[in-house]
Every structure is written in structure tokens, then in C-alpha cells.
$ cat entry26.cif   # mmCIF, C-alpha atoms
data_target
loop_
_atom_site.label_atom_id
_atom_site.label_comp_id
_atom_site.auth_asym_id
_atom_site.auth_seq_id
_atom_site.Cartn_x
_atom_site.Cartn_y
_atom_site.Cartn_z
CA ILE A 1 -0.94 13.04 -2.41
CA SER A 2 0.38 11.53 -5.64
CA THR A 3 2.50 13.08 -8.41
CA ASN A 4 3.67 12.01 -11.85
CA ARG A 5 5.94 13.10 -14.68
CA LYS A 6 3.26 15.17 -16.42
CA ASN A 7 3.38 18.02 -13.90
CA GLU A 8 0.22 16.65 -12.31
CA ILE A 9 -0.71 16.17 -8.68
CA ALA A 10 -3.67 14.36 -7.11
CA THR A 11 -5.00 14.88 -3.60
CA SER A 12 -7.78 13.24 -1.61
CA ASP A 13 -10.00 14.53 1.19
CA GLY A 14 -11.53 11.29 2.49
CA VAL A 15 -14.51 11.47 0.14
CA ASP A 16 -13.23 12.50 -3.30
CA SER A 17 -9.93 12.93 -5.12
CA PHE A 18 -8.82 15.95 -7.13
CA LEU A 19 -6.45 16.26 -10.09
CA TYR A 20 -4.38 19.39 -10.70
CA GLN A 21 -1.85 20.29 -13.38
CA LEU A 22 0.95 22.84 -13.31
CA ILE A 23 0.26 25.25 -16.17
CA GLY A 24 2.80 28.04 -16.34
CA GLN A 25 3.29 29.11 -12.72
CA GLN A 26 -0.16 28.07 -11.48
CA TRP A 27 -1.69 24.79 -10.34
CA GLU A 28 -4.93 24.47 -12.27
CA PHE A 29 -7.81 22.24 -11.17
CA ILE A 30 -8.54 19.58 -13.83
CA LYS A 31 -11.11 17.12 -12.52
CA SER A 32 -12.57 15.48 -9.40
CA PHE A 33 -12.98 11.73 -8.97
CA SER A 34 -15.09 9.65 -6.60
CA GLY A 35 -13.13 7.91 -3.84
CA GLY A 36 -11.04 9.82 -1.34
CA SER A 37 -9.41 7.35 1.05
CA ASP A 38 -6.29 7.43 -1.13
CA VAL A 39 -5.24 8.25 -4.69
CA SER A 40 -2.42 7.25 -7.06
CA LEU A 41 -1.36 8.41 -10.55
CA SER A 42 0.47 6.62 -13.35
CA ASP A 43 3.53 8.42 -14.72
CA ASP A 44 1.96 9.39 -18.03
CA GLY A 45 -1.28 10.60 -16.43
CA SER A 46 -3.43 8.11 -18.33
CA LYS A 47 -4.57 6.26 -15.19
CA ILE A 48 -5.66 7.41 -11.75
CA ALA A 49 -6.68 5.00 -9.01
CA THR A 50 -8.86 6.04 -6.08
CA CYS A 51 -10.33 4.05 -3.21
CA ASN A 52 -13.11 4.15 -0.64
CA ALA A 53 -12.32 2.05 2.44
CA GLY A 54 -15.86 2.42 3.79
CA LEU A 55 -17.27 0.72 0.70
CA ASN A 56 -14.31 -1.68 0.15
CA LEU A 57 -14.09 -0.15 -3.31
CA VAL A 58 -11.25 0.75 -5.70
CA THR A 59 -11.88 2.68 -8.92
CA ILE A 60 -9.37 2.93 -11.78
CA TYR A 61 -9.99 5.80 -14.19
CA THR A 62 -8.39 5.61 -17.64
CA LYS A 63 -8.01 8.57 -19.95
CA THR A 64 -8.34 7.89 -23.68
CA SER A 65 -8.57 10.69 -26.26
CA GLY A 66 -9.55 13.14 -23.56
CA ASP A 67 -12.36 11.02 -22.11
CA TRP A 68 -12.25 9.18 -18.76
CA THR A 69 -13.62 5.67 -18.36
CA GLU A 70 -13.75 3.78 -15.08
CA GLU A 71 -13.45 0.23 -13.78
CA THR A 72 -14.19 -0.79 -10.21
CA ILE A 73 -12.85 -3.53 -7.96
CA THR A 74 -14.72 -4.51 -4.81
CA LEU A 75 -13.83 -7.07 -2.15
CA ASN A 76 -15.63 -7.86 1.08
CA GLU A 77 -12.52 -7.87 3.25
CA GLY A 78 -11.76 -5.65 6.23
CA GLY A 79 -9.91 -2.48 5.28
CA PHE A 80 -9.85 -3.23 1.54
CA GLY A 81 -9.36 0.05 -0.27
CA SER A 82 -7.75 1.97 2.56
CA LYS A 83 -4.62 2.61 0.47
CA VAL A 84 -3.88 2.18 -3.23
CA LYS A 85 -0.82 2.45 -5.45
CA ILE A 86 -0.53 2.13 -9.23
CA SER A 87 2.80 1.52 -10.94
CA GLY A 88 4.40 4.16 -13.15
CA ASP A 89 3.49 2.29 -16.32
CA GLY A 90 -0.09 1.78 -15.11
CA LYS A 91 0.06 -2.02 -15.38
CA ILE A 92 0.33 -3.05 -11.71
CA LEU A 93 -2.15 -2.04 -9.02
CA CYS A 94 -1.67 -2.74 -5.32
CA VAL A 95 -4.49 -2.38 -2.81
CA LYS A 96 -4.19 -2.58 0.96
CA SER A 97 -6.57 -4.42 3.24
CA ARG A 98 -6.07 -4.68 7.00
CA GLN A 99 -3.73 -7.66 6.83
CA ASP A 100 -2.89 -8.13 3.16
CA ILE A 101 -1.80 -6.49 -0.09
CA LYS A 102 -3.76 -7.47 -3.19
CA ILE A 103 -1.80 -7.21 -6.45
CA TYR A 104 -3.65 -6.74 -9.74
CA GLN A 105 -2.24 -6.75 -13.27
CA TYR A 106 -3.72 -4.93 -16.25
CA LYS A 107 -3.93 -7.43 -19.09
CA ASP A 108 -6.26 -7.80 -22.08
CA ASN A 109 -7.94 -4.49 -21.16
CA GLN A 110 -8.95 -5.77 -17.71
CA TRP A 111 -7.59 -5.87 -14.16
CA HIS A 112 -6.83 -9.40 -12.99
CA LEU A 113 -5.93 -10.50 -9.47
CA MET A 114 -2.29 -11.55 -9.67
CA GLN A 115 -1.26 -12.22 -6.06
CA GLU A 116 -2.77 -12.24 -2.57
CA ASN A 117 -2.41 -13.88 0.84
CA PHE A 118 1.39 -14.09 0.61
CA ILE A 119 1.96 -12.13 3.83
CA ALA A 120 1.95 -13.81 7.24
CA LYS A 121 -1.05 -12.50 9.15
CA THR A 122 0.03 -13.60 12.63
CA SER A 123 3.18 -14.17 14.64
CA GLU A 124 3.85 -16.11 17.81
CA ILE A 125 5.52 -14.56 20.85
CA GLN A 126 6.04 -16.98 23.72
CA GLY A 127 3.02 -18.98 22.66
CA LYS A 128 0.80 -15.92 22.25
CA THR A 129 -0.68 -15.08 18.85
CA VAL A 130 -0.06 -11.56 17.58
CA ASP A 131 -2.09 -10.09 14.70
CA ARG A 132 0.09 -8.39 12.10
CA GLU A 133 -1.64 -5.35 10.62
CA VAL A 134 -0.29 -3.83 7.40
CA ARG A 135 0.29 -0.22 8.34
CA HIS A 136 1.69 1.22 5.12
CA PHE A 137 3.13 0.11 1.77
CA ASP A 138 4.81 1.40 -1.36
CA ILE A 139 5.88 -0.05 -4.71
CA SER A 140 8.74 0.56 -7.13
CA ASP A 141 8.04 2.41 -10.39
CA ASP A 142 7.53 -0.77 -12.41
CA GLY A 143 5.56 -2.52 -9.65
CA SER A 144 8.07 -5.36 -9.37
CA LYS A 145 8.91 -4.70 -5.69
CA ILE A 146 6.62 -3.97 -2.75
CA ILE A 147 7.62 -2.72 0.68
CA LEU A 148 5.24 -2.92 3.61
CA SER A 149 5.36 -2.19 7.31
CA HIS A 150 3.51 -4.03 10.06
CA GLU A 151 2.40 -3.08 13.50
CA TRP A 152 0.99 -5.51 16.02
CA VAL A 153 -1.07 -5.45 19.18
CA MET A 154 -0.12 -7.90 21.90
CA PRO A 155 -3.04 -9.36 23.87
CA GLU A 156 -2.63 -8.72 27.61
CA ALA A 157 0.56 -6.76 26.89
CA ASP A 158 0.88 -5.57 30.49
CA THR A 159 1.33 -9.13 31.71
CA LEU A 160 4.43 -9.77 29.58
CA ASP A 161 7.90 -9.43 31.00
CA ASP A 162 10.85 -7.92 29.11
CA ASP A 163 12.14 -11.31 27.93
CA GLU A 164 8.84 -12.10 26.29
CA TRP A 165 9.03 -8.80 24.39
CA SER A 166 12.61 -9.42 23.30
CA THR A 167 11.91 -11.93 20.54
CA LEU A 168 9.52 -11.85 17.61
CA GLN A 169 9.85 -14.89 15.32
CA GLY A 170 13.57 -14.98 15.99
CA PHE A 171 14.14 -11.26 15.43
CA GLN A 172 15.74 -9.29 18.25
CA ILE A 173 13.62 -6.26 19.07
CA SER A 174 13.55 -3.55 21.68
CA ASN A 175 12.75 -4.54 25.28
CA SER A 176 10.39 -1.57 25.35
CA LYS A 177 6.71 -2.37 25.31
CA ASN A 178 6.20 0.29 22.62
CA LEU A 179 5.19 -0.95 19.19
CA ASN A 180 7.98 -1.90 16.80
CA SER A 181 7.73 -2.18 13.02
CA LEU A 182 8.40 -5.21 10.89
CA ILE A 183 9.49 -4.15 7.39
CA GLU A 184 9.15 -6.62 4.50
CA VAL A 185 10.08 -6.37 0.82
CA TRP A 186 8.44 -8.73 -1.67
CA ASP A 187 8.40 -9.09 -5.41
CA ALA A 188 5.12 -8.93 -7.29
CA HIS A 189 4.95 -12.74 -7.46
CA GLY A 190 4.93 -13.17 -3.69
CA LYS A 191 8.62 -13.97 -3.19
CA SER A 192 10.11 -12.58 0.02
CA GLU A 193 13.31 -10.57 -0.55
CA TYR A 194 13.99 -8.83 2.78
CA GLU A 195 12.60 -8.47 6.28
CA LYS A 196 13.76 -6.71 9.41
CA VAL A 197 12.40 -5.42 12.71
CA PHE A 198 13.14 -1.78 13.48
CA ASN A 199 12.94 -0.13 16.89
CA THR A 200 10.46 2.43 15.59
CA GLN A 201 6.78 2.36 14.88
CA GLY A 202 5.85 1.48 11.31
CA HIS A 203 3.68 4.42 10.38
CA SER A 204 5.14 4.73 6.86
CA CYS A 205 7.65 3.19 4.47
CA LYS A 206 8.98 4.05 1.02
CA ILE A 207 10.93 2.31 -1.74
CA SER A 208 12.90 4.09 -4.45
CA GLY A 209 11.67 4.07 -8.03
CA ASP A 210 14.29 1.52 -9.11
CA GLY A 211 13.65 -0.64 -6.04
CA SER A 212 17.21 -0.41 -4.72
CA ARG A 213 16.62 1.64 -1.56
CA ILE A 214 14.05 1.56 1.25
#

$ encode --input "entry26.cif" --output "C-alpha cells"
Amino acid sequence: ISTNRKNEIATSDGVDSFLYQLIGQQWEFIKSFSGGSDVSLSDDGSKIATCNAGLNLVTIYTKTSGDWTEETITLNEGGFGSKVKISGDGKILCVKSRQDIKIYQYKDNQWHLMQENFIAKTSEIQGKTVDREVRHFDISDDGSKIILSHEWVMPEADTLDDDEWSTLQGFQISNSKNLNSLIEVWDAHGKSEYEKVFNTQGHSCKISGDGSRI
């Protein structure tokens, strides 16, 4: 579900996305869009981004003088298009793949890849390689800050003792063999600003509109 400042809401059902607007006291259906893995609205309602993880496809719809045009982005990378987020001003687009966040910028009437591959994809625990999977992400209103949460699967986890589970790249984490979440905050240019391991699973994360709270 995505909302904006135009009394609009967008939902997705896994196949398509649907735009509604609050008119009076009723939510009125406006339009359906192809792509239902996730959906995101710009603040002024002029752009809506949808994605289809099965096709590794993201579609950005732009409304001009009442008509909708579309531009697509495809990438042959696992999980590309599973989640999408467009900034409030509609100029920054972030797309999740399994182990990365791709950042696009709208410039000269086109979407250009701005940043990718700035997130560590693996960690080492006692000599064992752990795959970091991006579980969830969010961006500030202007797209200048990105928060993301990781989860990881330890190979042969049952063979590890508590000490081996107590350190992840120097971070102290729970001795429990349950998954923990690594939270990172980056700027849109790939500069790390904050990271911390929490003793909870990283199913979701949020950042405030001004980027000051997570």
C-alpha cells in the first residue's frame, strides 16, 4: 500500500496495482496498472511505480494532462522488482533485488542508473561465508537517505556453537540461533551513515520523511 498528499492510495494484489482517490467520504477507483509485486506513489500523484518480480520488471507511469505514459526498467538479476519506492518529488527511484538496492534518478526525461552494488553481499562468521539478503527497505521523502534490513542464512547452522553466533563482523548479537537483523542507512550516493545489529528479525524497516528517525 502506498499513499500520497493528494488523498490517493495505491494497492497491489501480486499481479496488478490499483489507484484510488478519496472523493468526499468515499474511496473511488481511478485506474489499474500492470505490475503487482509492489507499488509506490509520488506525493503529487504524477508518478506511480509498479513492479513484477517474476519478470524482473519495473514500470513507471507518468501522468501529464490527464494521460498516463509508461517507461519500463528490466534487469536480469535475482529478485529485481520485488519491491519499489519512488521519492516524494518523483525524481529518485529505488528498486530491490535479492542482495542489492538499485537507485535511479529521473533526469532529462529519462531514468538513469545512479548507484548500485554499494551494499556488502556477504559476511564472515568464524571463517564461514554468510549471504546477506535485503529483506526490506524504505527511503526518505526526497530520496536522499535509504534504510535497509538484512537477514542471513548460516550454512550448517546446527553445527555452530554459541560463541560462533556471538559475533557478526565485529557486532555483538544475540547468542540465540534465531535470525537477527542488520540495519543499514545509506545516502543516495552510496555513502554509509549508520549500521547496527538488532536482536529481532528484519522483516521491515522505515525511515521518517525528513530522514531523521528510523

$ residues_around --input "entry26.cif" --residues "range 63-67 of chain A" --least-positions-apart "5" --cutoff "12 Å" --atoms "all atoms listed in the file" --output "NGL selection string"
:A and (30-31 or 41-42 or 44-49 or 90)

$ closest_residue --input "entry26.cif" --among "A:Gly54, A:Gly209, A:Gly24, A:Gly35" --to "Asp138 in chain A" --atoms "all atoms listed in the file"
A:Gly209

$ closest_residue --input "entry26.cif" --among "A:Gln21, A:Thr50, A:Gln105, A:Ser208" --to "Ile139 in chain A" --atoms "all atoms listed in the file"
A:Ser208

$ closest_residue --input "entry26.cif" --among "A:Gly127, A:Gly14, A:Gly78, A:Gly88" --to "Cys51 in chain A" --atoms "all atoms listed in the file"
A:Gly14

$ residues_around --input "entry26.cif" --residues "Gln110 in chain A" --least-positions-apart "3" --cutoff "12 Å" --atoms "all atoms listed in the file" --output "PyMOL selection string"
chain A and resi 60+62+70-73+90-93+104-107+113-114

$ atom_distance --input "entry26.cif" --atom1 "CA of Glu184 in chain A" --atom2 "CA of Leu55 in chain A"
27.7 Å
